[in-house]
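Here the structure is laid out as structure tokens; the discussion comes afterwards.
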Amino acid sequence: MVEVPKSQQVKCEGITYLDGTLTYAENLRNCARSKCLVEMLQKDASSPTFRNWESIMLNKRLLTNNRAIIESDIYDERYITVFHDTDDIDWQAVAAGSGFADDVNPYQEMIKPVSLIRFIEDHLHIQIAHS
């Protein structure tokens, strides 16, 4: 975890705190080695994040407080666990991994690079030069 004040850090098995920043490439390498990716949105936030895309492409379970994802086209309880409180979390499902047999995630096809470009264009209301 990054940017957690020392006074708020809790010693717990499996949690590592960093004093500095983490490059996106380093973050992705850590994600690739993980069973589960955690997404914590700020209060009242509900937009999709790159963590959604990363969990799909890396075939990882996503643990998120984003309840809006339940209504999205990519929601599948085999790889997404939505929680409001930590008591809501099915820790056995988290430990089990993605839930897709033979690491075949059907949602990977939905998020090809052109879909990412459309996502960025729609959410930022910009046009990116592409053919």
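Each chain in the structure tokens gets a letter, A, B and so on, in the order shown; residues start at 1 in every chain, and ligands are counted from 1 in the order they appear.
Residue neighbourhood of stretch 81-94 of chain A, excluding near-sequence residues (fewer than 3 positions): Lys35, Cys36, Leu37, Val38, Glu39, Met40, Lys60, Arg61, Leu62, Leu63, Thr64, Asn65, Asn66, Arg67, Ala68, Ile69, Ile70, Tyr75, Asp76, Glu77, Arg78, Gly97, Ser98 and Gly99 of chain A, at 10 Å, using only C-alpha atoms.
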Keeping only N, CA and C atoms, take the residues you just selected and write them out as a PDB file, in the first residue's frame.
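Output file out-v3.pdb follows:
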```pdb
ATOM      1  N   LYS A  35      -3.551 -12.863  -6.564  1.00  0.00           N
ATOM      2  CA  LYS A  35      -4.780 -13.605  -6.840  1.00  0.00           C
ATOM      3  C   LYS A  35      -5.957 -12.657  -6.991  1.00  0.00           C
ATOM      4  N   CYS A  36      -5.863 -11.508  -6.325  1.00  0.00           N
ATOM      5  CA  CYS A  36      -7.002 -10.606  -6.250  1.00  0.00           C
ATOM      6  C   CYS A  36      -6.518  -9.158  -6.302  1.00  0.00           C
ATOM      7  N   LEU A  37      -7.257  -8.310  -7.021  1.00  0.00           N
ATOM      8  CA  LEU A  37      -6.963  -6.881  -7.071  1.00  0.00           C
ATOM      9  C   LEU A  37      -8.021  -6.157  -6.244  1.00  0.00           C
ATOM     10  N   VAL A  38      -7.592  -5.153  -5.503  1.00  0.00           N
ATOM     11  CA  VAL A  38      -8.502  -4.412  -4.634  1.00  0.00           C
ATOM     12  C   VAL A  38      -8.698  -3.006  -5.190  1.00  0.00           C
ATOM     13  N   GLU A  39      -9.963  -2.613  -5.258  1.00  0.00           N
ATOM     14  CA  GLU A  39     -10.320  -1.279  -5.727  1.00  0.00           C
ATOM     15  C   GLU A  39     -11.141  -0.617  -4.626  1.00  0.00           C
ATOM     16  N   MET A  40     -10.657   0.518  -4.157  1.00  0.00           N
ATOM     17  CA  MET A  40     -11.374   1.281  -3.135  1.00  0.00           C
ATOM     18  C   MET A  40     -11.682   2.656  -3.710  1.00  0.00           C
ATOM     19  N   LYS A  60      -7.821 -11.801 -12.886  1.00  0.00           N
ATOM     20  CA  LYS A  60      -7.754 -11.757 -11.428  1.00  0.00           C
ATOM     21  C   LYS A  60      -9.122 -11.430 -10.848  1.00  0.00           C
ATOM     22  N   ARG A  61      -9.390 -11.921  -9.659  1.00  0.00           N
ATOM     23  CA  ARG A  61     -10.608 -11.530  -8.949  1.00  0.00           C
ATOM     24  C   ARG A  61     -10.485 -10.060  -8.595  1.00  0.00           C
ATOM     25  N   LEU A  62     -11.615  -9.343  -8.662  1.00  0.00           N
ATOM     26  CA  LEU A  62     -11.661  -7.939  -8.283  1.00  0.00           C
ATOM     27  C   LEU A  62     -12.499  -7.804  -7.019  1.00  0.00           C
ATOM     28  N   LEU A  63     -11.926  -7.194  -6.019  1.00  0.00           N
ATOM     29  CA  LEU A  63     -12.605  -6.897  -4.768  1.00  0.00           C
ATOM     30  C   LEU A  63     -12.820  -5.391  -4.752  1.00  0.00           C
ATOM     31  N   THR A  64     -14.086  -4.939  -4.801  1.00  0.00           N
ATOM     32  CA  THR A  64     -14.371  -3.522  -4.966  1.00  0.00           C
ATOM     33  C   THR A  64     -15.529  -3.052  -4.097  1.00  0.00           C
ATOM     34  N   ASN A  65     -15.503  -1.779  -3.752  1.00  0.00           N
ATOM     35  CA  ASN A  65     -16.641  -1.174  -3.056  1.00  0.00           C
ATOM     36  C   ASN A  65     -17.535  -0.424  -4.045  1.00  0.00           C
ATOM     37  N   ASN A  66     -17.294  -0.593  -5.332  1.00  0.00           N
ATOM     38  CA  ASN A  66     -18.066   0.073  -6.384  1.00  0.00           C
ATOM     39  C   ASN A  66     -19.338  -0.735  -6.683  1.00  0.00           C
ATOM     40  N   ARG A  67     -20.424  -0.402  -6.019  1.00  0.00           N
ATOM     41  CA  ARG A  67     -21.684  -1.128  -6.207  1.00  0.00           C
ATOM     42  C   ARG A  67     -22.259  -0.946  -7.614  1.00  0.00           C
ATOM     43  N   ALA A  68     -21.892   0.139  -8.296  1.00  0.00           N
ATOM     44  CA  ALA A  68     -22.397   0.393  -9.649  1.00  0.00           C
ATOM     45  C   ALA A  68     -21.927  -0.666 -10.634  1.00  0.00           C
ATOM     46  N   ILE A  69     -20.852  -1.348 -10.337  1.00  0.00           N
ATOM     47  CA  ILE A  69     -20.324  -2.360 -11.259  1.00  0.00           C
ATOM     48  C   ILE A  69     -21.310  -3.516 -11.437  1.00  0.00           C
ATOM     49  N   ILE A  70     -22.189  -3.719 -10.464  1.00  0.00           N
ATOM     50  CA  ILE A  70     -23.179  -4.794 -10.561  1.00  0.00           C
ATOM     51  C   ILE A  70     -24.076  -4.609 -11.778  1.00  0.00           C
ATOM     52  N   TYR A  75     -19.869  -7.224 -15.127  1.00  0.00           N
ATOM     53  CA  TYR A  75     -20.059  -7.821 -13.801  1.00  0.00           C
ATOM     54  C   TYR A  75     -20.306  -9.319 -13.912  1.00  0.00           C
ATOM     55  N   ASP A  76     -19.552 -10.062 -13.148  1.00  0.00           N
ATOM     56  CA  ASP A  76     -19.689 -11.508 -13.072  1.00  0.00           C
ATOM     57  C   ASP A  76     -19.187 -11.913 -11.692  1.00  0.00           C
ATOM     58  N   GLU A  77     -20.061 -12.473 -10.896  1.00  0.00           N
ATOM     59  CA  GLU A  77     -19.679 -12.797  -9.521  1.00  0.00           C
ATOM     60  C   GLU A  77     -18.587 -13.850  -9.426  1.00  0.00           C
ATOM     61  N   ARG A  78     -18.280 -14.510 -10.544  1.00  0.00           N
ATOM     62  CA  ARG A  78     -17.170 -15.467 -10.525  1.00  0.00           C
ATOM     63  C   ARG A  78     -15.829 -14.759 -10.358  1.00  0.00           C
ATOM     64  N   GLY A  97      -9.239 -17.114  -6.170  1.00  0.00           N
ATOM     65  CA  GLY A  97      -8.796 -16.562  -7.449  1.00  0.00           C
ATOM     66  C   GLY A  97      -9.970 -16.182  -8.331  1.00  0.00           C
ATOM     67  N   SER A  98      -9.746 -16.180  -9.640  1.00  0.00           N
ATOM     68  CA  SER A  98     -10.709 -15.601 -10.573  1.00  0.00           C
ATOM     69  C   SER A  98     -12.002 -16.379 -10.736  1.00  0.00           C
ATOM     70  N   GLY A  99     -11.964 -17.671 -10.643  1.00  0.00           N
ATOM     71  CA  GLY A  99     -13.174 -18.450 -10.845  1.00  0.00           C
ATOM     72  C   GLY A  99     -13.426 -18.859 -12.280  1.00  0.00           C
TER      73      GLY A  99
END
```
Members of stretch 4-120 of chain A assigned strand (DSSP E or B) by DSSP, as a list in words:
Leu18, Cys36, Leu37, Val38, Glu39, Arg61, Leu62, Leu63, Thr64, Ile80, Thr81 and Val82 of chain A
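When only C-alpha atoms are used to compute distances to A:Arg29, the closest of the residues A:Val104, A:Ile117, A:Leu58, A:Val10 turns out to be A:Leu58.
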Could you give me the residues within chain A that DSSP places in helix (DSSP H, G or I), as an MDAnalysis selection string?
chainID A and resid 6:8 24:32 50:57 67:71 86:88 91:96 101:103 106:111 113:124
Go through A:Ile128, A:Val114, A:Val2, A:Leu28 and flag the residue nearest A:Arg51, using only C-alpha atoms for the distances.
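The answer is A:Leu28, which sits nearest to A:Arg51.
Taking only C-alpha atoms, the non-local environment of A:Met1 within 8 Å (same-chain residues fewer than 4 positions away omitted) comprises Ile15, Thr16, Tyr17 and Leu18 of chain A.
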For atom CA of A:His123 and atom CA of A:Ile80, determine how far apart the two atoms are, in Å to one decimal place.
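Between atom CA of A:His123 and atom CA of A:Ile80 the gap is 22.5 Å.
From atom CA of A:Glu71 back to atom CA of A:Phe100, the distance works out to 20.2 Å.
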Please indicate the distance in Å from atom CA of A:Leu116 to atom CA of A:Arg33, rounded to one decimal place.
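If I compute the distance from atom CA of A:Leu116 to atom CA of A:Arg33, I get 23.3 Å.
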Point out the residue among A:Cys31, A:Tyr79, A:Asp19, A:Ile74 with the least atom-to-atom distance to A:Ala95, counting only C-alpha atoms.
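Of the candidates, the smallest distance to A:Ala95 is held by A:Tyr79.
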Need to verify the contact set: A:Gln127, 10 Å, only C-alpha atoms, exclusion of same-chain residues closer than 5 positions in sequence. Can you return it as a PyMOL selection string?
chain A and resi 117-118+120-122
Dump of C-alpha atoms for the selected residues, as an mmCIF file, in the first residue's frame:
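Final file, again06.cif:
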```cif
data_model
loop_
_atom_site.group_PDB
_atom_site.id
_atom_site.type_symbol
_atom_site.label_atom_id
_atom_site.label_comp_id
_atom_site.auth_asym_id
_atom_site.auth_seq_id
_atom_site.Cartn_x
_atom_site.Cartn_y
_atom_site.Cartn_z
ATOM 1 C CA ILE A 117 -10.024 4.171 -26.679
ATOM 2 C CA ARG A 118 -13.820 4.468 -26.883
ATOM 3 C CA ILE A 120 -11.523 7.250 -22.779
ATOM 4 C CA GLU A 121 -13.237 9.260 -25.531
ATOM 5 C CA ASP A 122 -16.662 8.835 -23.946
#
```
